[in-house]
>>> print(open('structure12.tsv').read())   # TSV, C-alpha atoms and all ligand atoms
chain	number	residue	atom	x	y	z
J	1	MET	CA	-27.59	1.61	-23.65
J	2	ARG	CA	-25.04	2.94	-21.16
J	3	THR	CA	-25.53	6.54	-20.25
J	4	GLY	CA	-22.84	6.89	-17.63
J	5	SER	CA	-19.66	8.91	-17.68
J	6	GLU	CA	-17.92	6.13	-19.65
J	7	ASN	CA	-19.45	7.76	-22.73
J	8	ASP	CA	-18.37	11.31	-21.97
J	9	PRO	CA	-15.44	12.03	-24.32
J	10	ARG	CA	-14.01	14.74	-22.06
J	11	ILE	CA	-13.26	12.65	-19.01
J	12	ILE	CA	-11.43	9.55	-17.85
J	13	SER	CA	-13.98	7.22	-16.32
J	14	THR	CA	-13.15	4.83	-13.49
J	15	GLY	CA	-15.64	2.40	-15.01
J	16	ASN	CA	-17.79	2.92	-11.93
J	17	ASP	CA	-20.58	5.44	-12.53
J	18	GLU	CA	-21.27	6.08	-8.90
J	19	LEU	CA	-17.62	6.81	-8.24
J	20	ASP	CA	-17.32	9.03	-11.34
J	21	LYS	CA	-20.31	11.07	-10.21
J	22	LYS	CA	-18.79	11.59	-6.79
J	23	ILE	CA	-15.52	12.65	-8.37
J	24	GLY	CA	-17.53	15.41	-10.02
J	25	GLY	CA	-18.01	13.62	-13.33
J	26	GLY	CA	-14.53	12.13	-13.53
J	27	ILE	CA	-10.96	13.23	-14.17
J	28	PRO	CA	-10.70	15.59	-17.18
J	29	LEU	CA	-8.69	14.22	-20.12
J	30	ARG	CA	-5.32	15.85	-20.92
J	31	SER	CA	-4.94	17.11	-17.38
J	32	LEU	CA	-2.47	16.66	-14.54
J	33	SER	CA	-3.70	14.68	-11.54
J	34	LEU	CA	-2.26	13.73	-8.19
J	35	VAL	CA	-3.53	10.64	-6.38
J	36	GLU	CA	-1.98	10.44	-2.94
J	37	GLY	CA	-2.60	8.38	0.14
J	38	GLN	CA	-1.32	6.06	2.80
J	39	PRO	CA	-0.16	2.50	2.01
J	40	ASP	CA	-2.91	0.06	1.04
J	41	SER	CA	-5.54	2.81	0.71
J	42	GLY	CA	-6.45	1.91	-2.89
J	43	LYS	CA	-4.24	4.22	-4.99
J	44	SER	CA	-3.21	1.48	-7.39
J	45	VAL	CA	-6.68	-0.04	-7.76
J	46	LEU	CA	-8.20	3.40	-8.41
J	47	THR	CA	-5.64	4.26	-11.07
J	48	GLN	CA	-5.84	0.78	-12.62
J	49	GLN	CA	-9.55	1.47	-13.10
J	50	MET	CA	-8.63	4.79	-14.73
J	51	VAL	CA	-6.23	3.00	-17.10
J	52	TRP	CA	-9.10	0.73	-18.07
J	53	GLY	CA	-11.48	3.69	-18.41
J	54	SER	CA	-9.00	5.45	-20.73
J	55	LEU	CA	-8.50	2.35	-22.91
J	56	LYS	CA	-12.26	1.78	-23.16
J	57	LYS	CA	-12.63	5.36	-24.36
J	58	GLY	CA	-10.27	4.63	-27.25
J	59	CYS	CA	-7.26	6.37	-25.70
J	60	SER	CA	-3.74	4.98	-25.65
J	61	ALA	CA	-2.00	4.71	-22.30
J	62	VAL	CA	1.35	4.06	-20.69
J	63	VAL	CA	1.79	2.84	-17.13
J	64	PHE	CA	5.11	3.41	-15.38
J	65	THR	CA	5.14	1.10	-12.40
J	66	THR	CA	7.59	0.78	-9.53
J	67	GLU	CA	5.34	-1.85	-7.94
J	68	ASN	CA	4.79	-4.45	-10.66
J	69	THR	CA	6.27	-6.36	-13.56
J	70	VAL	CA	4.27	-6.49	-16.81
J	71	LYS	CA	3.03	-9.94	-15.84
J	72	SER	CA	2.06	-9.07	-12.27
J	73	LEU	CA	0.21	-5.93	-13.38
J	74	VAL	CA	-1.74	-7.89	-16.01
J	75	THR	CA	-2.64	-10.49	-13.35
J	76	GLN	CA	-3.53	-7.83	-10.77
J	77	MET	CA	-5.83	-6.07	-13.22
J	78	GLN	CA	-7.39	-9.38	-14.28
J	79	SER	CA	-8.23	-9.97	-10.60
J	80	LEU	CA	-10.36	-6.80	-10.82
J	81	ASN	CA	-11.97	-8.03	-14.04
J	82	LEU	CA	-9.90	-5.59	-16.11
J	83	ASP	CA	-8.33	-7.65	-18.90
J	84	ILE	CA	-5.71	-5.49	-20.62
J	85	MET	CA	-4.01	-8.22	-22.66
J	86	ASP	CA	-5.61	-7.26	-25.99
J	87	TYR	CA	-4.66	-3.61	-25.53
J	88	LEU	CA	-1.07	-4.63	-24.85
J	89	LEU	CA	-0.98	-6.81	-27.96
J	90	LEU	CA	-2.53	-4.03	-30.05
J	91	SER	CA	0.02	-1.50	-28.75
J	92	ARG	CA	-2.65	0.70	-27.29
J	93	LEU	CA	-1.15	0.13	-23.86
J	94	TRP	CA	2.46	0.17	-22.78
J	95	ILE	CA	3.65	-1.02	-19.38
J	96	TYR	CA	7.01	0.25	-18.27
J	97	PRO	CA	8.27	-1.42	-15.06
J	98	ILE	CA	10.81	0.69	-13.23
J	99	ASP	CA	13.38	-1.09	-11.08
J	100	THR	CA	14.17	1.61	-8.54
J	101	LYS	CA	17.42	-0.15	-7.60
J	102	LYS	CA	18.76	0.17	-11.14
J	103	THR	CA	17.17	3.38	-12.35
J	104	ARG	CA	18.34	7.00	-12.04
J	105	ARG	CA	16.77	8.55	-9.00
J	106	SER	CA	16.28	11.98	-10.44
J	107	LEU	CA	12.81	13.17	-11.40
J	108	SER	CA	14.17	15.46	-14.10
J	109	ALA	CA	16.88	13.16	-15.50
J	110	GLY	CA	15.20	9.80	-14.79
J	111	LEU	CA	11.44	10.02	-15.04
J	112	LEU	CA	10.79	13.12	-17.12
J	113	PRO	CA	12.63	12.01	-20.31
J	114	MET	CA	10.63	8.74	-20.26
J	115	LEU	CA	7.37	10.65	-19.95
J	116	GLU	CA	8.42	13.08	-22.67
J	117	SER	CA	9.21	10.25	-25.08
J	118	TYR	CA	5.69	8.84	-24.70
J	119	ALA	CA	4.18	12.32	-25.06
J	120	ASN	CA	6.12	12.68	-28.33
J	121	LYS	CA	4.66	9.36	-29.51
J	122	GLY	CA	1.19	10.88	-29.05
J	123	ILE	CA	0.14	8.69	-26.11
J	124	ASP	CA	-3.01	10.10	-24.49
J	125	VAL	CA	-2.62	9.12	-20.85
J	126	ALA	CA	0.37	8.35	-18.62
J	127	ILE	CA	0.09	6.91	-15.13
J	128	ILE	CA	3.05	6.75	-12.78
J	129	ASP	CA	2.46	4.37	-9.89
J	130	SER	CA	4.28	5.55	-7.96
J	131	ILE	CA	6.54	8.61	-7.85
J	132	THR	CA	7.19	8.09	-4.11
J	133	TYR	CA	10.72	6.77	-4.57
J	134	TYR	CA	11.69	9.72	-6.76
J	135	VAL	CA	10.06	12.31	-4.53
J	136	THR	CA	11.81	11.04	-1.41
J	137	HIS	CA	15.13	11.54	-3.22
J	138	ALA	CA	14.34	15.07	-4.42
J	139	SER	CA	14.14	18.57	-2.98
J	140	THR	CA	10.80	20.37	-2.86
J	141	GLU	CA	11.97	22.64	-5.69
J	142	GLU	CA	12.82	19.60	-7.86
J	143	VAL	CA	9.40	18.09	-7.18
J	144	LEU	CA	7.63	21.35	-8.05
J	145	SER	CA	9.61	21.76	-11.23
J	146	PHE	CA	8.81	18.15	-12.22
J	147	PHE	CA	5.10	18.89	-11.79
J	148	GLU	CA	5.51	22.07	-13.86
J	149	GLU	CA	7.02	19.96	-16.64
J	150	CYS	CA	4.16	17.45	-16.33
J	151	LYS	CA	1.75	20.37	-16.62
J	152	ARG	CA	3.51	21.40	-19.83
J	153	LEU	CA	3.20	17.85	-21.22
J	154	SER	CA	-0.49	17.73	-20.31
J	155	GLY	CA	-0.91	21.02	-22.18
J	156	LYS	CA	0.63	19.31	-25.21
J	157	GLY	CA	-2.06	16.63	-25.02
J	158	MET	CA	-0.86	13.85	-22.70
J	159	GLY	CA	-2.83	13.56	-19.48
J	160	ILE	CA	-0.65	12.55	-16.54
J	161	ILE	CA	-1.76	10.88	-13.32
J	162	CYS	CA	0.91	10.82	-10.60
J	163	VAL	CA	0.42	8.40	-7.71
J	164	ALA	CA	2.31	8.93	-4.48
J	165	HIS	CA	2.40	8.05	-0.82
J	166	SER	CA	1.37	11.14	1.15
J	167	TYR	CA	4.35	10.80	3.49
J	168	ALA	CA	6.64	11.68	0.59
J	169	PHE	CA	5.59	15.36	0.71
J	170	ASP	CA	5.78	17.96	3.43
J	171	GLU	CA	2.71	20.11	4.05
J	172	ASN	CA	3.99	23.11	2.14
J	173	ALA	CA	4.86	21.05	-0.95
J	174	MET	CA	1.49	19.32	-0.83
J	175	VAL	CA	-0.43	22.61	-0.83
J	176	ARG	CA	1.60	23.93	-3.76
J	177	LEU	CA	1.26	20.69	-5.75
J	178	GLY	CA	-2.46	20.57	-5.06
J	179	SER	CA	-2.87	24.03	-6.54
J	180	MET	CA	-0.82	23.11	-9.65
J	181	CYS	CA	-2.79	19.96	-10.42
J	182	ASP	CA	-6.13	19.88	-12.24
J	183	ALA	CA	-7.30	17.03	-10.03
J	184	HIS	CA	-6.17	16.09	-6.54
J	185	LEU	CA	-7.51	12.92	-4.92
J	186	ARG	CA	-6.52	11.93	-1.40
J	187	LEU	CA	-6.99	8.44	0.04
J	188	HIS	CA	-6.72	7.08	3.53
J	189	ILE	CA	-7.96	4.25	5.71
J	190	GLU	CA	-10.27	4.82	8.67
J	191	THR	CA	-10.99	2.35	11.43
J	192	MET	CA	-14.69	2.23	12.21
J	193	GLY	CA	-15.39	-0.17	15.06
J	194	SER	CA	-13.85	-3.45	13.94
J	195	LYS	CA	-13.84	-2.42	10.25
J	196	MET	CA	-11.20	-0.75	8.12
J	197	ILE	CA	-12.83	1.52	5.52
J	198	LYS	CA	-11.08	3.15	2.62
J	199	ILE	CA	-11.85	6.82	2.15
J	200	LEU	CA	-11.36	8.93	-0.97
J	201	GLU	CA	-11.43	12.67	-0.53
J	202	VAL	CA	-11.88	14.77	-3.66
J	203	ALA	CA	-9.66	17.69	-2.75
J	204	LYS	CA	-10.01	19.20	-6.22
J	205	VAL	CA	-11.26	18.47	-9.73
J	206	ARG	CA	-10.98	21.40	-12.12
J	207	GLY	CA	-14.23	22.17	-13.89
J	208	ALA	CA	-16.16	19.67	-11.79
J	209	ASN	CA	-19.68	20.32	-10.82
J	210	LEU	CA	-19.23	19.77	-7.10
J	211	ASN	CA	-17.97	21.40	-3.99
J	212	THR	CA	-14.51	20.17	-3.17
J	213	GLY	CA	-14.06	17.99	-0.14
J	214	ASN	CA	-16.49	15.31	-1.30
J	215	ILE	CA	-15.85	12.19	0.79
J	216	ILE	CA	-16.38	8.71	-0.62
J	217	SER	CA	-16.06	5.52	1.41
J	218	PHE	CA	-15.34	2.35	-0.51
J	219	ASP	CA	-14.13	-1.21	-0.48
J	220	VAL	CA	-12.22	-3.27	-3.05
J	221	GLU	CA	-13.84	-6.51	-4.18
J	222	PRO	CA	-12.43	-9.34	-6.32
J	223	ASN	CA	-13.61	-9.20	-9.96
J	224	ARG	CA	-15.36	-5.92	-9.30
J	225	GLY	CA	-12.85	-3.42	-7.99
J	226	ILE	CA	-14.00	-0.36	-6.14
J	227	ARG	CA	-17.43	-0.56	-4.55
J	228	VAL	CA	-18.76	2.67	-3.08
J	229	ILE	CA	-20.28	2.19	0.36
J	230	PRO	CA	-22.64	4.84	1.75
J	231	TYR	CA	-20.75	6.63	4.55
J	232	SER	CA	-23.58	5.95	7.02
J	233	LYS	CA	-23.41	2.21	6.27
J	234	ALA	CA	-19.63	2.22	6.56
J	235	LYS	CA	-19.99	3.69	10.04
J	236	ALA	CA	-22.71	1.24	11.11
D	301	LIG	N1	-8.56	-8.25	-6.91
D	301	LIG	C1	-8.68	-7.82	-5.67
D	301	LIG	N2	-9.61	-8.33	-4.87
D	301	LIG	C2	-9.76	-7.91	-3.59
D	301	LIG	N3	-9.01	-6.96	-3.04
D	301	LIG	C3	-8.06	-6.40	-3.80
D	301	LIG	C4	-7.84	-6.78	-5.16
D	301	LIG	N4	-6.84	-6.04	-5.67
D	301	LIG	C5	-6.44	-5.23	-4.65
D	301	LIG	N5	-7.16	-5.45	-3.55
D	301	LIG	C6	-7.03	-4.79	-2.26
D	301	LIG	O1	-7.25	-3.41	-2.40
D	301	LIG	C7	-6.53	-2.74	-1.38
D	301	LIG	C8	-5.86	-1.54	-1.98
D	301	LIG	O2	-4.77	-1.98	-2.76
D	301	LIG	P1	-3.87	-0.99	-3.59
D	301	LIG	O3	-2.76	-1.83	-4.14
D	301	LIG	O4	-4.69	-0.20	-4.53
D	301	LIG	O5	-3.32	0.00	-2.45
D	301	LIG	P2	-2.21	1.11	-2.61
D	301	LIG	O6	-2.75	2.34	-1.96
D	301	LIG	O7	-1.76	1.21	-4.01
D	301	LIG	O8	-1.07	0.49	-1.68
D	301	LIG	P3	0.53	0.72	-1.74
D	301	LIG	O9	0.77	1.97	-0.96
D	301	LIG	O10	1.08	-0.47	-1.04
D	301	LIG	O11	0.96	0.84	-3.16
D	301	LIG	C9	-5.59	-3.73	-0.75
D	301	LIG	O12	-6.09	-4.08	0.53
D	301	LIG	C10	-5.62	-4.92	-1.67
D	301	LIG	O13	-5.45	-6.12	-1.02
D	302	MG	MG	0.05	0.84	-4.95
>>> encode(input="structure12.tsv", output="structure tokens", more="lines below")
Ligand SMILES: Nc1ncnc2c1ncn2[C@@H]1O[C@H](COP(=O)(O)OP(=O)(O)OP(=O)(O)O)[C@@H](O)[C@H]1O
Ligand SMILES: [Mg+2]
Amino acid sequence: MRTGSENDPRIISTGNDELDKKIGGGIPLRSLSLVEGQPDSGKSVLTQQMVWGSLKKGCSAVVFTTENTVKSLVTQMQSLNLDIMDYLLLSRLWIYPIDTKKTRRSLSAGLLPMLESYANKGIDVAIIDSITYYVTHASTEEVLSFFEECKRLSGKGMGIICVAHSYAFDENAMVRLGSMCDAHLRLHIETMGSKMIKILEVAKVRGANLNTGNIISFDVEPNRGIRVIPYSKAKA
């Protein structure tokens, strides 16, 4: 019998117990989360695991992606041993590729109505990977008001996970967004000797049973996804 956080109905599991524990039990359902980091730091893999965790829990999900087509996302997730095909066929999962060259740039006129339409359908979890393009074309006030609207939608029952490159925000905006979100996860890459180690910093998880600032070092492995590496080993 599995006793891990996958079975806790209140949270979105990453499918990796060790990681969930270090995130303070996992991301609360029906909340607003920000996952930000530098390129290649694992934002997409982490949130793909959360998509899987949500589906396994019986939730429905929609993924808005500026990085993939439906086919390439299915293949990418399969490479992590996350086979989403059945969920797609059963209409428990929707994938919505966004072509940033063709789409409206505005957060409020472009992205928000799409999110709202899925919230109205009763979808449980929405992941946007990523909002970087939109944020870099918006003022700080527009970004803050978009997050306020996301907060409203999460209050209506749809959890939203926004993924972004950290460089898209200035320091002031980042502090304000961090305080608006229920969960704020920050990723970066550190060079340790000849190795490049991915680091996840848990800046905030509302209601979590941990002090903020928890640091997790990890690697991404084929067919397995995120593997937590003890920080001391990572440094060795
Ligand atoms: N199936 C896999 N097997 C091994 N490594 C993988 C697999 N899938 C992804 N990775 C690796 O995981 C790392 C993180 O990738 P990911 O796409 O999550 O980064 P990201 O932060 O989303 O990057 P970007 O800013 O470019 O969107 C990359 O080095 C990638 O090559
Ligand atoms: Mg990515």
>>> atom_distance(input="structure12.tsv", atom1="atom C5 of ligand LIG 301 (chain D)", atom2="atom CA of J:Leu90")
25.7 Å
>>> closest_atom_pairs(input="structure12.tsv", of="chain J", to="ligand LIG 301 (chain D)", cutoff="8 Å", atoms="all atoms listed in the file", output="CSV")
residue,atom,partner,partner_atom,distance
J:Gly37,CA,D:LIG301,O6,6.4
J:Gln38,CA,D:LIG301,O9,5.9
J:Pro39,CA,D:LIG301,O9,3.2
J:Asp40,CA,D:LIG301,O8,3.3
J:Ser41,CA,D:LIG301,O6,3.9
J:Gly42,CA,D:LIG301,O4,3.2
J:Lys43,CA,D:LIG301,O6,3.9
J:Ser44,CA,D:LIG301,O4,3.6
J:Val45,CA,D:LIG301,O4,3.8
J:Leu46,CA,D:LIG301,O4,6.4
J:Thr47,CA,D:LIG301,O4,8.0
J:Glu67,CA,D:LIG301,O11,7.0
J:Gln76,CA,D:LIG301,N4,6.3
J:Met77,CA,D:LIG301,N1,7.2
J:Gln78,CA,D:LIG301,N1,7.5
J:Ser79,CA,D:LIG301,N1,4.1
J:Leu80,CA,D:LIG301,N1,4.5
J:Asn81,CA,D:LIG301,N1,7.9
J:Asp129,CA,D:LIG301,O11,7.7
J:Ser130,CA,D:LIG301,O11,7.5
J:Ala164,CA,D:LIG301,O9,8.0
J:His165,CA,D:LIG301,O9,6.3
J:Leu187,CA,D:LIG301,O6,7.7
J:Asp219,CA,D:LIG301,O1,7.5
J:Val220,CA,D:LIG301,N3,4.9
J:Glu221,CA,D:LIG301,C2,4.4
J:Pro222,CA,D:LIG301,N2,3.3
J:Asn223,CA,D:LIG301,N1,6.0
J:Arg224,CA,D:LIG301,N1,7.6
J:Gly225,CA,D:LIG301,C1,6.5
>>> residues_near_point(input="structure12.tsv", point="(12.6, 7.4, -13.6)", cutoff="10 Å", atoms="all atoms listed in the file", output="list in words")
Phe64, Thr65, Thr66, Pro97, Ile98, Asp99, Thr100, Lys102, Thr103, Arg104, Arg105, Ser106, Leu107, Ser108, Ala109, Gly110, Leu111, Leu112, Pro113, Met114, Leu115, Ile128, Ile131, Tyr133 and Tyr134 of chain J
>>> atom_distance(input="structure12.tsv", atom1="atom CA of J:Leu19", atom2="atom CA of J:Leu93")
23.7 Å
>>> closest_residue(input="structure12.tsv", among="J:Leu82, J:Val163, J:Leu88, J:Ile216", to="ligand MG 302 (chain D)", atoms="all atoms listed in the file")
J:Val163
>>> residues_around(input="structure12.tsv", residues="stretch 57-62 of chain J", least_positions_apart="4", cutoff="7 Å", atoms="only C-alpha atoms", output="PyMOL selection string")
chain J and resi 51+53+92-95+123-127
>>> atom_distance(input="structure12.tsv", atom1="atom CA of J:Lys71", atom2="atom CA of J:His184")
29.1 Å
>>> residues_around(input="structure12.tsv", residues="J:Lys56", least_positions_apart="4", cutoff="10 Å", atoms="all atoms listed in the file", output="list of chain:residue names")
J:Glu6, J:Asn7, J:Ile12, J:Ser13, J:Gly15, J:Met50, J:Val51, J:Trp52, J:Ser60, J:Tyr87
>>> residues_around(input="structure12.tsv", residues="stretch 22-30 of chain J", least_positions_apart="2", cutoff="9 Å", atoms="all atoms listed in the file", output="NGL selection string")
:J and (5 or 8-14 or 17-20 or 32-33 or 50 or 54 or 124-125 or 153-160 or 182-183 or 185 or 201-202 or 204-212 or 214-216)
>>> residues_around(input="structure12.tsv", residues="J:Ser139", least_positions_apart="5", cutoff="10 Å", atoms="all atoms listed in the file", output="VMD selection string")
chain J and resid 134 144 to 145 169 173
>>> closest_residue(input="structure12.tsv", among="J:Leu89, J:Val135, J:Val228, J:Ala203", to="J:Ser179", atoms="all atoms listed in the file")
J:Ala203
>>> closest_residue(input="structure12.tsv", among="J:Thr191, J:Asn172, J:Ser166, J:Ser217", to="J:Leu34", atoms="all atoms listed in the file")
J:Ser166
>>> closest_residue(input="structure12.tsv", among="J:Asp170, J:Glu36, J:Asp83, J:Glu116", to="ligand MG 302 (chain D)", atoms="all atoms listed in the file")
J:Glu36
>>> closest_residue(input="structure12.tsv", among="J:Val143, J:Cys162, J:Met174, J:Leu200", to="ligand MG 302 (chain D)", atoms="only C-alpha atoms and all ligand atoms")
J:Cys162
>>> closest_residue(input="structure12.tsv", among="J:Lys195, J:Leu73, J:Ile84, J:Leu55", to="ligand MG 302 (chain D)", atoms="all atoms listed in the file")
J:Leu73
>>> decode(input="structure12.tsv", residues="stretch 131-154 of chain J", atoms="N, CA and C atoms", output="mmCIF file, in the first residue's frame")
data_model
loop_
_atom_site.group_PDB
_atom_site.id
_atom_site.type_symbol
_atom_site.label_atom_id
_atom_site.label_comp_id
_atom_site.auth_asym_id
_atom_site.auth_seq_id
_atom_site.Cartn_x
_atom_site.Cartn_y
_atom_site.Cartn_z
ATOM 1 N N ILE J 131 4.530 31.615 -18.844
ATOM 2 C CA ILE J 131 3.935 32.945 -19.038
ATOM 3 C C ILE J 131 5.011 33.973 -19.395
ATOM 4 N N THR J 132 6.248 33.515 -19.585
ATOM 5 C CA THR J 132 7.367 34.446 -19.813
ATOM 6 C C THR J 132 7.088 35.419 -20.960
ATOM 7 N N TYR J 133 6.637 34.884 -22.076
ATOM 8 C CA TYR J 133 6.400 35.727 -23.251
ATOM 9 C C TYR J 133 5.403 36.845 -22.927
ATOM 10 N N TYR J 134 4.338 36.470 -22.242
ATOM 11 C CA TYR J 134 3.308 37.459 -21.898
ATOM 12 C C TYR J 134 3.846 38.505 -20.929
ATOM 13 N N VAL J 135 4.591 38.014 -19.921
ATOM 14 C CA VAL J 135 5.077 38.920 -18.877
ATOM 15 C C VAL J 135 6.048 39.943 -19.464
ATOM 16 N N THR J 136 6.892 39.490 -20.405
ATOM 17 C CA THR J 136 7.870 40.421 -20.972
ATOM 18 C C THR J 136 7.203 41.467 -21.878
ATOM 19 N N HIS J 137 5.935 41.253 -22.202
ATOM 20 C CA HIS J 137 5.205 42.246 -22.997
ATOM 21 C C HIS J 137 4.180 43.003 -22.155
ATOM 22 N N ALA J 138 4.317 42.945 -20.834
ATOM 23 C CA ALA J 138 3.313 43.577 -19.966
ATOM 24 C C ALA J 138 3.990 44.486 -18.947
ATOM 25 N N SER J 139 3.227 45.438 -18.434
ATOM 26 C CA SER J 139 3.728 46.276 -17.343
ATOM 27 C C SER J 139 3.593 45.497 -16.034
ATOM 28 N N THR J 140 4.290 45.967 -15.001
ATOM 29 C CA THR J 140 4.190 45.303 -13.697
ATOM 30 C C THR J 140 2.742 45.302 -13.221
ATOM 31 N N GLU J 141 2.042 46.409 -13.430
ATOM 32 C CA GLU J 141 0.643 46.482 -12.967
ATOM 33 C C GLU J 141 -0.221 45.432 -13.680
ATOM 34 N N GLU J 142 0.028 45.254 -14.992
ATOM 35 C CA GLU J 142 -0.741 44.237 -15.742
ATOM 36 C C GLU J 142 -0.452 42.830 -15.217
ATOM 37 N N VAL J 143 0.807 42.592 -14.896
ATOM 38 C CA VAL J 143 1.185 41.265 -14.382
ATOM 39 C C VAL J 143 0.503 41.029 -13.030
ATOM 40 N N LEU J 144 0.555 42.048 -12.166
ATOM 41 C CA LEU J 144 -0.070 41.902 -10.840
ATOM 42 C C LEU J 144 -1.575 41.698 -10.974
ATOM 43 N N SER J 145 -2.181 42.423 -11.884
ATOM 44 C CA SER J 145 -3.638 42.270 -11.996
ATOM 45 C C SER J 145 -4.003 40.908 -12.605
ATOM 46 N N PHE J 146 -3.128 40.367 -13.482
ATOM 47 C CA PHE J 146 -3.350 39.011 -13.994
ATOM 48 C C PHE J 146 -3.294 38.004 -12.838
ATOM 49 N N PHE J 147 -2.308 38.153 -11.971
ATOM 50 C CA PHE J 147 -2.199 37.223 -10.836
ATOM 51 C C PHE J 147 -3.396 37.368 -9.894
ATOM 52 N N GLU J 148 -3.894 38.598 -9.747
ATOM 53 C CA GLU J 148 -5.102 38.782 -8.912
ATOM 54 C C GLU J 148 -6.282 38.018 -9.499
ATOM 55 N N GLU J 149 -6.389 38.087 -10.839
ATOM 56 C CA GLU J 149 -7.477 37.350 -11.509
ATOM 57 C C GLU J 149 -7.288 35.836 -11.354
ATOM 58 N N CYS J 150 -6.047 35.389 -11.445
ATOM 59 C CA CYS J 150 -5.762 33.950 -11.245
ATOM 60 C C CYS J 150 -6.146 33.542 -9.836
ATOM 61 N N LYS J 151 -5.883 34.432 -8.896
ATOM 62 C CA LYS J 151 -6.220 34.162 -7.486
ATOM 63 C C LYS J 151 -7.752 33.998 -7.368
ATOM 64 N N ARG J 152 -8.462 34.851 -8.075
ATOM 65 C CA ARG J 152 -9.933 34.781 -8.057
ATOM 66 C C ARG J 152 -10.399 33.432 -8.630
ATOM 67 N N LEU J 153 -9.765 33.012 -9.748
ATOM 68 C CA LEU J 153 -10.154 31.730 -10.358
ATOM 69 C C LEU J 153 -9.806 30.559 -9.440
ATOM 70 N N SER J 154 -8.682 30.671 -8.724
ATOM 71 C CA SER J 154 -8.327 29.573 -7.808
ATOM 72 C C SER J 154 -9.331 29.526 -6.653
#
